[in-house]
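Q: Structure: entry-v7.txt, compact mmCIF, C-alpha atoms and all ligand atoms.
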# COMPACT_ATOMS: atom_id res chain seq x y z
CA MET A 1 -35.53 -42.89 72.91
CA LYS A 2 -34.89 -39.38 74.05
CA LYS A 3 -34.80 -36.17 72.04
CA THR A 4 -31.72 -33.90 72.11
CA THR A 5 -32.97 -31.44 74.69
CA GLY A 6 -35.96 -33.27 76.02
CA THR A 7 -39.12 -33.52 74.00
CA ASP A 8 -39.95 -29.84 74.27
CA ARG A 9 -40.69 -28.60 70.77
CA SER A 10 -41.30 -25.11 72.19
CA ILE A 11 -37.50 -24.96 72.62
CA THR A 12 -36.32 -26.81 69.53
CA SER A 13 -38.76 -25.14 67.14
CA LYS A 14 -37.20 -21.74 67.97
CA TRP A 15 -33.88 -22.72 66.41
CA ARG A 16 -33.03 -21.20 63.07
CA PRO A 17 -33.01 -23.42 59.96
CA ALA A 18 -29.20 -23.88 59.84
CA THR A 19 -29.34 -25.14 63.44
CA GLN A 20 -32.28 -27.42 62.65
CA ALA A 21 -30.27 -28.90 59.78
CA VAL A 22 -27.65 -30.11 62.27
CA ARG A 23 -29.75 -30.88 65.34
CA GLY A 24 -33.47 -30.84 64.52
CA GLY A 25 -35.35 -34.05 65.26
CA THR A 26 -32.45 -35.85 66.94
CA TRP A 27 -33.65 -38.65 69.22
CA ARG A 28 -31.10 -40.40 71.41
CA SER A 29 -31.22 -43.93 72.73
CA GLU A 30 -30.11 -44.88 76.24
CA HIS A 31 -26.52 -45.00 74.90
CA GLY A 32 -26.48 -41.23 74.32
CA GLU A 33 -24.88 -41.56 70.89
CA THR A 34 -23.77 -38.26 69.29
CA SER A 35 -24.65 -39.19 65.71
CA GLU A 36 -28.15 -40.40 64.87
CA ALA A 37 -28.60 -44.16 65.29
CA LEU A 38 -29.47 -46.31 62.29
CA PHE A 39 -32.43 -48.56 63.09
CA LEU A 40 -32.41 -51.31 60.48
CA SER A 41 -35.50 -53.02 61.80
CA SER A 42 -38.73 -53.77 59.98
CA GLY A 43 -40.64 -54.81 63.10
CA TYR A 44 -40.83 -54.10 66.85
CA THR A 45 -41.51 -56.14 70.00
CA TYR A 46 -43.68 -55.34 72.99
CA ASP A 47 -43.58 -56.08 76.71
CA ASP A 48 -47.26 -57.02 76.75
CA ALA A 49 -50.28 -57.40 74.50
CA GLN A 50 -52.07 -54.28 75.75
CA THR A 51 -49.12 -52.06 74.69
CA VAL A 52 -49.34 -53.14 71.09
CA ALA A 53 -53.16 -52.95 71.11
CA ASP A 54 -52.94 -49.36 72.38
CA ARG A 55 -50.41 -48.43 69.69
CA PHE A 56 -52.53 -49.90 66.91
CA ALA A 57 -55.57 -48.09 68.31
CA GLY A 58 -53.62 -44.82 68.16
CA GLU A 59 -53.96 -44.39 71.92
CA ALA A 60 -50.25 -44.76 72.68
CA GLN A 61 -47.13 -43.52 70.91
CA GLY A 62 -44.57 -46.00 69.69
CA MET A 63 -43.31 -48.02 66.77
CA THR A 64 -45.30 -50.94 65.36
CA TYR A 65 -43.98 -51.64 61.86
CA SER A 66 -41.53 -49.74 59.65
CA ARG A 67 -44.06 -49.14 56.86
CA LEU A 68 -45.94 -47.09 59.46
CA GLN A 69 -42.96 -45.54 61.26
CA ASN A 70 -39.24 -46.15 61.81
CA PRO A 71 -37.11 -44.21 64.32
CA THR A 72 -34.35 -43.21 61.86
CA VAL A 73 -36.86 -42.18 59.18
CA ALA A 74 -38.85 -40.29 61.84
CA MET A 75 -35.74 -38.29 62.79
CA LEU A 76 -35.29 -37.25 59.17
CA GLU A 77 -38.98 -36.35 58.85
CA GLU A 78 -38.89 -34.18 61.95
CA ARG A 79 -35.65 -32.48 60.85
CA ILE A 80 -37.00 -31.64 57.39
CA ALA A 81 -40.26 -30.31 58.88
CA LEU A 82 -38.36 -28.07 61.30
CA MET A 83 -36.07 -26.75 58.54
CA GLU A 84 -39.05 -26.07 56.30
CA GLY A 85 -41.15 -24.41 59.00
CA ALA A 86 -43.81 -27.09 58.41
CA GLU A 87 -45.99 -28.78 61.02
CA ALA A 88 -45.28 -32.25 59.67
CA CYS A 89 -43.34 -34.22 57.06
CA ARG A 90 -43.27 -37.77 55.69
CA ALA A 91 -40.39 -39.27 53.75
CA GLN A 92 -40.64 -41.42 50.63
CA ALA A 93 -38.28 -43.69 48.70
CA SER A 94 -37.50 -41.14 45.96
CA GLY A 95 -38.48 -37.72 44.73
CA MET A 96 -40.93 -39.28 42.30
CA ALA A 97 -42.49 -41.37 45.10
CA ALA A 98 -42.92 -38.07 46.98
CA MET A 99 -44.55 -36.28 43.99
CA THR A 100 -46.84 -39.23 43.22
CA THR A 101 -47.87 -39.50 46.87
CA ALA A 102 -48.41 -35.74 47.24
CA LEU A 103 -50.75 -35.73 44.22
CA LEU A 104 -52.59 -39.04 44.39
CA CYS A 105 -53.26 -38.87 48.14
CA GLN A 106 -55.55 -35.89 47.58
CA LEU A 107 -56.91 -36.28 44.03
CA SER A 108 -59.90 -38.30 42.81
CA ALA A 109 -61.56 -38.89 39.46
CA GLY A 110 -63.34 -35.71 38.39
CA ASP A 111 -60.83 -33.36 40.05
CA HIS A 112 -58.73 -30.91 38.04
CA VAL A 113 -55.01 -30.08 38.40
CA VAL A 114 -53.18 -27.09 36.98
CA GLY A 115 -49.51 -27.88 36.44
CA ALA A 116 -46.44 -26.00 35.24
CA ARG A 117 -45.36 -26.70 31.68
CA ALA A 118 -41.66 -26.49 32.60
CA ALA A 119 -41.01 -29.40 34.93
CA PHE A 120 -38.86 -32.42 35.53
CA GLY A 121 -39.66 -35.08 32.88
CA SER A 122 -41.25 -37.56 35.29
CA CYS A 123 -43.29 -34.81 36.97
CA ARG A 124 -44.72 -33.98 33.55
CA TRP A 125 -45.40 -37.71 33.00
CA LEU A 126 -47.54 -37.76 36.17
CA LEU A 127 -49.60 -34.90 34.73
CA ASP A 128 -49.66 -35.94 31.06
CA HIS A 129 -50.10 -39.71 31.46
CA LEU A 130 -50.87 -40.91 34.99
CA CYS A 131 -53.54 -38.42 36.14
CA PRO A 132 -55.69 -38.76 32.98
CA ARG A 133 -55.73 -42.58 33.36
CA PHE A 134 -57.53 -42.13 36.67
CA GLY A 135 -60.01 -39.54 35.38
CA ILE A 136 -58.16 -36.55 36.82
CA GLU A 137 -58.31 -33.57 34.45
CA VAL A 138 -55.06 -31.69 33.83
CA SER A 139 -54.19 -28.27 32.39
CA VAL A 140 -50.55 -27.52 31.71
CA ILE A 141 -49.65 -23.83 31.58
CA ASP A 142 -46.71 -21.42 31.33
CA SER A 143 -45.97 -21.10 35.06
CA THR A 144 -44.27 -17.72 34.60
CA ASP A 145 -47.54 -16.20 33.32
CA ASN A 146 -49.59 -15.10 36.36
CA ALA A 147 -52.72 -14.57 34.25
CA ALA A 148 -52.46 -18.14 32.92
CA TRP A 149 -52.83 -19.56 36.44
CA GLU A 150 -55.97 -17.54 37.00
CA ALA A 151 -57.43 -18.39 33.59
CA ALA A 152 -56.89 -22.13 34.13
CA ILE A 153 -59.01 -22.35 37.30
CA ARG A 154 -62.21 -24.41 36.98
CA PRO A 155 -64.87 -25.15 39.60
CA ASN A 156 -63.25 -28.58 40.17
CA THR A 157 -59.63 -27.35 40.39
CA LYS A 158 -58.12 -28.99 43.44
CA VAL A 159 -54.33 -28.65 43.05
CA PHE A 160 -51.67 -26.31 41.60
CA PHE A 161 -48.41 -28.24 41.01
CA PHE A 162 -45.14 -26.54 40.05
CA GLU A 163 -41.39 -26.28 40.52
CA THR A 164 -39.46 -23.07 41.10
CA PRO A 165 -36.83 -22.74 39.78
CA ALA A 166 -37.94 -25.37 37.28
CA ASN A 167 -35.93 -28.24 35.84
CA PRO A 168 -34.20 -27.56 33.44
CA THR A 169 -35.36 -24.17 32.10
CA LEU A 170 -34.95 -22.36 35.45
CA ASP A 171 -38.39 -20.77 35.08
CA VAL A 172 -39.19 -18.86 38.26
CA VAL A 173 -42.78 -18.92 39.54
CA ASP A 174 -44.21 -15.92 41.42
CA LEU A 175 -44.74 -17.80 44.69
CA LYS A 176 -46.71 -15.12 46.51
CA PHE A 177 -49.09 -14.47 43.63
CA VAL A 178 -49.76 -18.11 42.77
CA CYS A 179 -50.14 -19.22 46.40
CA ASP A 180 -52.49 -16.31 47.22
CA LEU A 181 -54.57 -17.07 44.13
CA ALA A 182 -54.82 -20.74 45.09
CA ARG A 183 -55.80 -19.93 48.66
CA ALA A 184 -58.54 -17.56 47.48
CA HIS A 185 -60.05 -20.44 45.47
CA GLY A 186 -59.57 -23.23 48.03
CA ILE A 187 -56.91 -24.84 45.84
CA THR A 188 -53.96 -26.71 47.38
CA THR A 189 -50.51 -25.65 46.13
CA VAL A 190 -47.91 -28.42 45.84
CA VAL A 191 -44.44 -26.93 45.31
CA ASP A 192 -41.52 -29.13 44.18
CA ASN A 193 -38.63 -27.31 45.93
CA ALA A 194 -35.80 -29.64 44.83
CA PHE A 195 -33.74 -26.96 43.06
CA ALA A 196 -33.59 -24.75 46.16
CA THR A 197 -34.31 -26.67 49.39
CA SER A 198 -35.27 -24.87 52.58
CA ALA A 199 -31.70 -23.56 52.82
CA LEU A 200 -32.41 -21.22 49.89
CA GLN A 201 -36.21 -20.90 49.62
CA ARG A 202 -39.11 -21.71 51.95
CA PRO A 203 -42.33 -21.81 49.92
CA LEU A 204 -44.51 -22.06 53.07
CA ASP A 205 -43.39 -18.52 53.96
CA PHE A 206 -45.08 -17.37 50.72
CA GLY A 207 -48.33 -19.21 51.45
CA ALA A 208 -47.70 -22.62 49.85
CA ASP A 209 -49.63 -25.53 51.35
CA VAL A 210 -47.45 -28.53 50.52
CA VAL A 211 -43.72 -28.69 49.75
CA ALA A 212 -42.44 -31.86 48.08
CA TYR A 213 -38.85 -32.92 47.60
CA SER A 214 -36.42 -35.04 45.78
CA ALA A 215 -34.01 -35.38 48.73
CA THR A 216 -31.74 -37.24 46.30
CA LYS A 217 -30.45 -33.90 45.13
CA LEU A 218 -29.13 -31.14 47.43
CA MET A 219 -30.30 -32.76 50.67
CA ASP A 220 -28.12 -35.85 50.29
CA GLY A 221 -25.79 -33.61 48.35
CA GLN A 222 -23.18 -36.23 47.66
CA GLY A 223 -24.90 -38.34 45.03
CA ARG A 224 -25.39 -41.44 47.20
CA VAL A 225 -29.06 -42.31 47.76
CA LEU A 226 -32.54 -41.74 46.39
CA ALA A 227 -34.98 -40.13 48.81
CA GLY A 228 -38.08 -37.94 48.88
CA ALA A 229 -40.21 -35.99 51.35
CA VAL A 230 -43.56 -34.19 51.59
CA CYS A 231 -44.18 -31.37 54.10
CA GLY A 232 -47.45 -29.74 55.10
CA THR A 233 -49.87 -29.12 57.94
CA GLU A 234 -50.48 -31.84 60.53
CA GLN A 235 -53.99 -32.12 59.15
CA PHE A 236 -52.78 -32.68 55.57
CA ILE A 237 -49.96 -35.06 56.46
CA ASN A 238 -51.85 -37.11 59.07
CA GLU A 239 -55.32 -37.18 57.57
CA VAL A 240 -54.75 -36.96 53.83
CA LEU A 241 -51.25 -38.22 53.06
CA LEU A 242 -50.68 -40.82 55.77
CA PRO A 243 -53.62 -43.13 54.97
CA PHE A 244 -52.36 -43.24 51.35
CA GLN A 245 -48.69 -43.74 52.30
CA ARG A 246 -49.28 -46.34 55.00
CA ASN A 247 -51.43 -48.50 52.75
CA THR A 248 -49.47 -48.15 49.50
CA GLY A 249 -45.95 -48.24 51.01
CA PRO A 250 -43.66 -45.84 49.08
CA ASN A 251 -41.47 -45.78 52.21
CA LEU A 252 -37.90 -44.55 52.53
CA SER A 253 -35.41 -47.13 53.83
CA PRO A 254 -33.86 -46.33 57.24
CA PHE A 255 -30.39 -46.58 55.72
CA ASN A 256 -31.18 -43.97 53.07
CA ALA A 257 -32.82 -41.76 55.71
CA TRP A 258 -29.64 -41.96 57.79
CA VAL A 259 -27.49 -40.94 54.81
CA VAL A 260 -29.75 -37.92 54.16
CA LEU A 261 -29.62 -36.96 57.87
CA LYS A 262 -25.84 -36.81 57.53
CA GLY A 263 -26.19 -34.81 54.30
CA LEU A 264 -28.49 -32.25 55.95
CA GLU A 265 -25.80 -31.38 58.51
CA THR A 266 -23.84 -29.67 55.72
CA LEU A 267 -26.77 -28.49 53.55
CA ASP A 268 -26.56 -24.83 54.51
CA LEU A 269 -22.80 -24.70 53.80
CA ARG A 270 -23.08 -26.58 50.53
CA ALA A 271 -26.13 -24.74 49.20
CA ARG A 272 -24.48 -21.37 49.83
CA ARG A 273 -21.04 -22.25 48.49
CA GLN A 274 -22.48 -24.00 45.43
CA SER A 275 -24.72 -20.97 44.78
CA GLU A 276 -21.65 -18.69 44.91
CA ASN A 277 -19.71 -21.02 42.63
CA ALA A 278 -22.64 -21.23 40.20
CA LEU A 279 -22.72 -17.44 39.96
CA GLU A 280 -19.02 -17.31 39.17
CA VAL A 281 -19.26 -20.10 36.60
CA GLY A 282 -22.47 -18.52 35.24
CA ARG A 283 -20.73 -15.19 34.58
CA PHE A 284 -18.09 -17.04 32.57
CA VAL A 285 -20.63 -19.10 30.61
CA GLU A 286 -22.62 -15.94 29.83
CA SER A 287 -19.49 -14.57 28.11
CA ARG A 288 -19.26 -17.64 25.83
CA ALA A 289 -22.76 -19.12 25.29
CA PRO A 290 -25.38 -17.47 23.05
CA ARG A 291 -28.05 -17.80 25.80
CA ILE A 292 -28.03 -18.54 29.52
CA MET A 293 -30.88 -19.29 31.95
CA HIS A 294 -29.52 -18.41 35.40
CA PRO A 295 -31.86 -16.83 38.00
CA GLY A 296 -28.85 -15.25 39.74
CA LEU A 297 -27.87 -13.19 36.68
CA PRO A 298 -29.61 -9.94 35.65
CA SER A 299 -30.23 -11.43 32.17
CA HIS A 300 -32.82 -13.85 33.67
CA PRO A 301 -36.35 -12.49 33.03
CA ARG A 302 -37.31 -13.01 36.69
CA HIS A 303 -33.96 -12.18 38.31
CA GLU A 304 -35.47 -9.64 40.73
CA MET A 305 -38.24 -12.02 41.76
CA ALA A 306 -35.74 -14.85 42.30
CA LEU A 307 -33.72 -12.61 44.63
CA LYS A 308 -36.90 -11.74 46.56
CA GLN A 309 -37.96 -15.37 47.00
CA MET A 310 -34.57 -17.03 47.44
CA ALA A 311 -31.70 -16.44 49.84
CA MET A 312 -29.33 -17.44 47.01
CA THR A 313 -30.08 -18.82 43.57
CA GLY A 314 -28.69 -22.35 43.80
CA PRO A 315 -26.14 -24.54 42.03
CA ILE A 316 -28.03 -25.24 38.79
CA PHE A 317 -28.38 -23.27 35.58
CA ALA A 318 -28.85 -23.93 31.88
CA PHE A 319 -27.36 -22.50 28.71
CA ASP A 320 -27.75 -22.91 25.00
CA VAL A 321 -25.08 -23.66 22.41
CA GLU A 322 -27.58 -23.82 19.50
CA THR A 323 -27.12 -27.36 18.16
CA ARG A 324 -27.00 -30.91 19.48
CA GLU A 325 -23.64 -31.41 17.72
CA LYS A 326 -22.06 -28.49 19.57
CA ALA A 327 -23.63 -29.57 22.87
CA PHE A 328 -22.26 -33.12 22.47
CA ALA A 329 -18.83 -31.79 21.38
CA LEU A 330 -18.68 -29.64 24.51
CA LEU A 331 -19.67 -32.58 26.75
CA ASP A 332 -17.14 -34.88 25.09
CA ALA A 333 -14.32 -32.35 25.60
CA LEU A 334 -14.76 -32.10 29.40
CA GLU A 335 -11.79 -33.09 31.55
CA LEU A 336 -13.01 -32.26 35.07
CA VAL A 337 -16.78 -31.78 34.94
CA ASP A 338 -18.59 -35.13 34.55
CA ILE A 339 -21.25 -35.93 31.98
CA SER A 340 -24.08 -36.77 34.37
CA ASN A 341 -27.81 -36.13 34.61
CA ASN A 342 -27.78 -35.90 38.43
CA ILE A 343 -27.94 -32.55 40.25
CA GLY A 344 -27.33 -31.26 43.77
CA ASP A 345 -24.09 -33.26 44.00
CA ALA A 346 -20.83 -31.83 45.38
CA ARG A 347 -19.35 -32.59 41.95
CA SER A 348 -19.90 -30.37 38.92
CA LEU A 349 -22.06 -32.25 36.41
CA LEU A 350 -23.21 -31.34 32.93
CA CYS A 351 -26.06 -32.90 30.97
CA HIS A 352 -28.02 -32.59 27.75
CA PRO A 353 -31.70 -32.60 28.86
CA ALA A 354 -33.18 -33.26 25.39
CA SER A 355 -31.46 -36.66 25.17
CA THR A 356 -31.61 -37.59 28.89
CA THR A 357 -33.95 -36.20 31.58
CA HIS A 358 -36.47 -34.94 29.02
CA ALA A 359 -35.89 -37.51 26.24
CA ASN A 360 -39.25 -39.23 26.71
CA MET A 361 -41.53 -36.28 26.22
CA GLY A 362 -41.14 -35.75 22.46
CA GLU A 363 -39.72 -32.83 20.50
CA ASP A 364 -42.92 -30.74 20.36
CA ALA A 365 -43.53 -30.76 24.13
CA ARG A 366 -39.82 -30.11 24.69
CA LEU A 367 -39.76 -27.10 22.38
CA GLU A 368 -42.92 -25.74 23.99
CA MET A 369 -41.11 -26.02 27.32
CA GLY A 370 -38.05 -24.22 25.95
CA ILE A 371 -35.70 -27.20 25.76
CA GLY A 372 -33.83 -27.09 22.48
CA GLN A 373 -31.29 -29.60 21.18
CA GLY A 374 -28.54 -27.12 22.04
CA MET A 375 -29.48 -26.78 25.72
CA LEU A 376 -27.13 -27.95 28.46
CA ARG A 377 -27.85 -27.97 32.21
CA ILE A 378 -25.05 -27.70 34.74
CA ASN A 379 -24.89 -28.49 38.44
CA VAL A 380 -21.97 -26.52 39.86
CA GLY A 381 -20.29 -28.39 42.69
CA LEU A 382 -17.87 -27.62 45.49
CA GLU A 383 -14.68 -27.68 43.43
CA ASP A 384 -12.69 -24.46 43.08
CA PRO A 385 -14.87 -22.57 40.56
CA LEU A 386 -11.73 -21.47 38.68
CA ASP A 387 -11.00 -25.11 37.82
CA VAL A 388 -14.57 -25.57 36.58
CA ILE A 389 -14.28 -22.39 34.50
CA GLU A 390 -10.94 -23.50 33.02
CA ASP A 391 -12.42 -26.87 32.10
CA LEU A 392 -15.46 -25.28 30.46
CA ALA A 393 -13.22 -22.76 28.65
CA GLN A 394 -11.11 -25.50 27.05
CA ALA A 395 -14.29 -27.47 26.23
CA PHE A 396 -15.89 -24.39 24.58
CA ASP A 397 -12.65 -23.95 22.57
CA ARG A 398 -12.50 -27.59 21.47
CA ALA A 399 -16.20 -27.57 20.56
CA GLY A 400 -15.51 -24.58 18.31
CA LEU A 401 -17.71 -22.25 20.38
C1 LIG A 501 -34.84 -35.22 40.38
C2 LIG A 501 -36.11 -34.49 40.49
C3 LIG A 501 -37.28 -35.18 40.81
C4 LIG A 501 -37.32 -36.67 41.01
O1 LIG A 501 -36.57 -37.08 42.11
P1 LIG A 501 -35.97 -38.58 42.25
O2 LIG A 501 -35.37 -38.55 43.61
O3 LIG A 501 -34.98 -38.75 41.15
O4 LIG A 501 -37.10 -39.52 42.13
C5 LIG A 501 -38.45 -34.44 40.93
N1 LIG A 501 -38.46 -33.10 40.74
C6 LIG A 501 -37.33 -32.41 40.43
C7 LIG A 501 -37.41 -30.94 40.22
C8 LIG A 501 -36.13 -33.09 40.30
O5 LIG A 501 -35.02 -32.40 39.97
For the structure just supplied, provide its representation as structure tokens.
A:
Amino acid sequence: MKKTTGTDRSITSKWRPATQAVRGGTWRSEHGETSEALFLSSGYTYDDAQTVADRFAGEAQGMTYSRLQNPTVAMLEERIALMEGAEACRAQASGMAAMTTALLCQLSAGDHVVGARAAFGSCRWLLDHLCPRFGIEVSVIDSTDNAAWEAAIRPNTKVFFFETPANPTLDVVDLKFVCDLARAHGITTVVDNAFATSALQRPLDFGADVVAYSATKLMDGQGRVLAGAVCGTEQFINEVLLPFQRNTGPNLSPFNAWVVLKGLETLDLRARRQSENALEVGRFVESRAPRIMHPGLPSHPRHEMALKQMAMTGPIFAFDVETREKAFALLDALELVDISNNIGDARSLLCHPASTTHANMGEDARLEMGIGQGMLRINVGLEDPLDVIEDLAQAFDRAGL
């Protein structure tokens, strides 16, 4: 296996992120294939016994077993690390496998985590239900309140865990402030960057320690496979995360890694066009819905901060139509946009978080998070935004809004 331009990372690491998304981490076999090869192999063979002994001893490079490393998955990991500006990356089978791995690999009974209140439903489940079962203390705070982060710190605080923008309220966290605060207290920040990806926001540039992904979303970008990834320093990935991952096995399949590699080639294009489309659709929705949560619009409480942290504000926003009946009527009237709880897809998708992605958490926790029964979350795709606007306009009309 050969890398694109030799193995010289001093050359490849100079490429800008959009170049990395197309070429970063490419290894070529002796056939010189243009597109990345798909290695559907769980095991590997060796010319002699000493070779395999050396690999297991860590004294020689090379594959041994696909739970430990697989060439196609390794290409994806290297590409994501290069795009993110991270020293290292490991891929997992889903975004939730990535979040679970990023937290449990470094936390023990007696440690304390501070987490954002506004978060993806399963991310909140990790904090509210899983961590406490293993004796890990958790505080959940309003992540848009800088003083709340500071006030939540205890002597045993080990991790800050948050999304920005958050799912589905689009809360924006002050990355620089929260990462600086964590660093000053020896706390590790774990940022779930699924709503932005490195094409729109690079948390490491603001001092984050670990960036974790659902690659199912914008990275695949075409709604095909589940995938996840965790990026950080070589020390964190190799010494803290890898022992956990290699022995518990939340691995990404080579096939899914290959699909995401293909998705990354168009990430920069898609993320930018979908951000533009979401702004256009957002301006229309703002004219019809009583309330909109869109970090790209001046009505968002942290609009200025979002523009400082993000190249563009992404394909996803939320809005409120006051009641569940009106929200369902609007969904049921759609002719182009699909009713779907996925995001990051090239298709425009609309969902009702209170009855889907955040159905399990209970009405009180939902209301505290700002998710009412009238809230809808949209992923704006790559269609002509005028068609999406026309569809929403007729759906608003038919829903009596
Ligand atoms: C979807 C999502 C996840 C979970 O990812 P899966 O790939 O579905 O497991 C985690 N965090 C955020 C912000 C998400 O949107």
Q: Just give me the gap between CA of Gly110 (chain A) and CA of Asp174 (chain A) in Å, one decimal is fine.
A: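 Straight-line distance from CA of Gly110 (chain A) to CA of Asp174 (chain A) works out to 27.7 Å.
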Q: Return as a PDB file with C-alpha atoms, keeping the file's coordinate frame every polymer residue, whether protein, DNA or RNA, with at least one atom no more than 9 Å from an atom of ligand LIG 501 (chain A); count all atoms listed in the file.
A:
ATOM      1  CA  ALA A  93     -38.280 -43.690  48.700  1.00  0.00           C
ATOM      2  CA  SER A  94     -37.500 -41.140  45.960  1.00  0.00           C
ATOM      3  CA  GLY A  95     -38.480 -37.720  44.730  1.00  0.00           C
ATOM      4  CA  MET A  96     -40.930 -39.280  42.300  1.00  0.00           C
ATOM      5  CA  ALA A  97     -42.490 -41.370  45.100  1.00  0.00           C
ATOM      6  CA  ALA A  98     -42.920 -38.070  46.980  1.00  0.00           C
ATOM      7  CA  MET A  99     -44.550 -36.280  43.990  1.00  0.00           C
ATOM      8  CA  ALA A 119     -41.010 -29.400  34.930  1.00  0.00           C
ATOM      9  CA  PHE A 120     -38.860 -32.420  35.530  1.00  0.00           C
ATOM     10  CA  GLY A 121     -39.660 -35.080  32.880  1.00  0.00           C
ATOM     11  CA  SER A 122     -41.250 -37.560  35.290  1.00  0.00           C
ATOM     12  CA  CYS A 123     -43.290 -34.810  36.970  1.00  0.00           C
ATOM     13  CA  PHE A 162     -45.140 -26.540  40.050  1.00  0.00           C
ATOM     14  CA  GLU A 163     -41.390 -26.280  40.520  1.00  0.00           C
ATOM     15  CA  THR A 164     -39.460 -23.070  41.100  1.00  0.00           C
ATOM     16  CA  PRO A 165     -36.830 -22.740  39.780  1.00  0.00           C
ATOM     17  CA  ALA A 166     -37.940 -25.370  37.280  1.00  0.00           C
ATOM     18  CA  ASN A 167     -35.930 -28.240  35.840  1.00  0.00           C
ATOM     19  CA  PRO A 168     -34.200 -27.560  33.440  1.00  0.00           C
ATOM     20  CA  ASP A 192     -41.520 -29.130  44.180  1.00  0.00           C
ATOM     21  CA  ASN A 193     -38.630 -27.310  45.930  1.00  0.00           C
ATOM     22  CA  ALA A 194     -35.800 -29.640  44.830  1.00  0.00           C
ATOM     23  CA  PHE A 195     -33.740 -26.960  43.060  1.00  0.00           C
ATOM     24  CA  ALA A 212     -42.440 -31.860  48.080  1.00  0.00           C
ATOM     25  CA  TYR A 213     -38.850 -32.920  47.600  1.00  0.00           C
ATOM     26  CA  SER A 214     -36.420 -35.040  45.780  1.00  0.00           C
ATOM     27  CA  ALA A 215     -34.010 -35.380  48.730  1.00  0.00           C
ATOM     28  CA  THR A 216     -31.740 -37.240  46.300  1.00  0.00           C
ATOM     29  CA  LYS A 217     -30.450 -33.900  45.130  1.00  0.00           C
ATOM     30  CA  VAL A 225     -29.060 -42.310  47.760  1.00  0.00           C
ATOM     31  CA  LEU A 226     -32.540 -41.740  46.390  1.00  0.00           C
ATOM     32  CA  ALA A 227     -34.980 -40.130  48.810  1.00  0.00           C
ATOM     33  CA  GLY A 228     -38.080 -37.940  48.880  1.00  0.00           C
ATOM     34  CA  ASN A 342     -27.780 -35.900  38.430  1.00  0.00           C
ATOM     35  CA  ILE A 343     -27.940 -32.550  40.250  1.00  0.00           C
ATOM     36  CA  GLY A 344     -27.330 -31.260  43.770  1.00  0.00           C
ATOM     37  CA  THR A 357     -33.950 -36.200  31.580  1.00  0.00           C
TER      38      THR A 357
END
Q: Give me, as a compact mmCIF listing (two decimals) with C-alpha atoms, in the frame of the given file, all polymer residues having an atom no more than 10 Å from region 111-115 of chain A, counting all atoms listed in the file and skipping those fewer than 4 positions away in the same chain.
A:
# COMPACT_ATOMS: atom_id res chain seq x y z
CA LEU A 103 -50.75 -35.73 44.22
CA GLN A 106 -55.55 -35.89 47.58
CA LEU A 107 -56.91 -36.28 44.03
CA ALA A 119 -41.01 -29.40 34.93
CA CYS A 123 -43.29 -34.81 36.97
CA ARG A 124 -44.72 -33.98 33.55
CA LEU A 127 -49.60 -34.90 34.73
CA ASP A 128 -49.66 -35.94 31.06
CA CYS A 131 -53.54 -38.42 36.14
CA PRO A 132 -55.69 -38.76 32.98
CA PHE A 134 -57.53 -42.13 36.67
CA GLY A 135 -60.01 -39.54 35.38
CA ILE A 136 -58.16 -36.55 36.82
CA GLU A 137 -58.31 -33.57 34.45
CA VAL A 138 -55.06 -31.69 33.83
CA SER A 139 -54.19 -28.27 32.39
CA VAL A 140 -50.55 -27.52 31.71
CA ILE A 141 -49.65 -23.83 31.58
CA ASP A 142 -46.71 -21.42 31.33
CA SER A 143 -45.97 -21.10 35.06
CA ALA A 148 -52.46 -18.14 32.92
CA TRP A 149 -52.83 -19.56 36.44
CA GLU A 150 -55.97 -17.54 37.00
CA ALA A 152 -56.89 -22.13 34.13
CA ILE A 153 -59.01 -22.35 37.30
CA ARG A 154 -62.21 -24.41 36.98
CA PRO A 155 -64.87 -25.15 39.60
CA ASN A 156 -63.25 -28.58 40.17
CA THR A 157 -59.63 -27.35 40.39
CA LYS A 158 -58.12 -28.99 43.44
CA VAL A 159 -54.33 -28.65 43.05
CA PHE A 160 -51.67 -26.31 41.60
CA PHE A 161 -48.41 -28.24 41.01
CA PHE A 162 -45.14 -26.54 40.05
CA GLU A 163 -41.39 -26.28 40.52
CA ILE A 187 -56.91 -24.84 45.84
CA THR A 188 -53.96 -26.71 47.38
CA THR A 189 -50.51 -25.65 46.13
CA VAL A 190 -47.91 -28.42 45.84
Q: Give me, as a PyMOL selection string, all polymer residues having an atom no more than 9 Å from Val281 (chain A), counting all atoms listed in the file and skipping those fewer than 5 positions away in the same chain.
A: chain A and resi 276+286+380+385-386+388-389+392
Q: Keeping C-alpha atoms, export the residues of the selection given above as a PDB file, keeping the file's coordinate frame.
A:
ATOM      1  CA  GLU A 276     -21.650 -18.690  44.910  1.00  0.00           C
ATOM      2  CA  GLU A 286     -22.620 -15.940  29.830  1.00  0.00           C
ATOM      3  CA  VAL A 380     -21.970 -26.520  39.860  1.00  0.00           C
ATOM      4  CA  PRO A 385     -14.870 -22.570  40.560  1.00  0.00           C
ATOM      5  CA  LEU A 386     -11.730 -21.470  38.680  1.00  0.00           C
ATOM      6  CA  VAL A 388     -14.570 -25.570  36.580  1.00  0.00           C
ATOM      7  CA  ILE A 389     -14.280 -22.390  34.500  1.00  0.00           C
ATOM      8  CA  LEU A 392     -15.460 -25.280  30.460  1.00  0.00           C
TER       9      LEU A 392
END
Q: Between CA of Pro203 (chain A) and CA of Met310 (chain A), measure the distance and give it in Å to one decimal.
A: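 Result for CA of Pro203 (chain A) versus CA of Met310 (chain A): 9.4 Å, one decimal.
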Q: Under the rule that all atoms listed in the file are counted, which of A:Asp332, A:Glu363, A:Glu322, A:Glu383 is the nearest residue to Arg347 (chain A)?
A: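 Checking each candidate against Arg347 (chain A), we get A:Glu383 as the closest.
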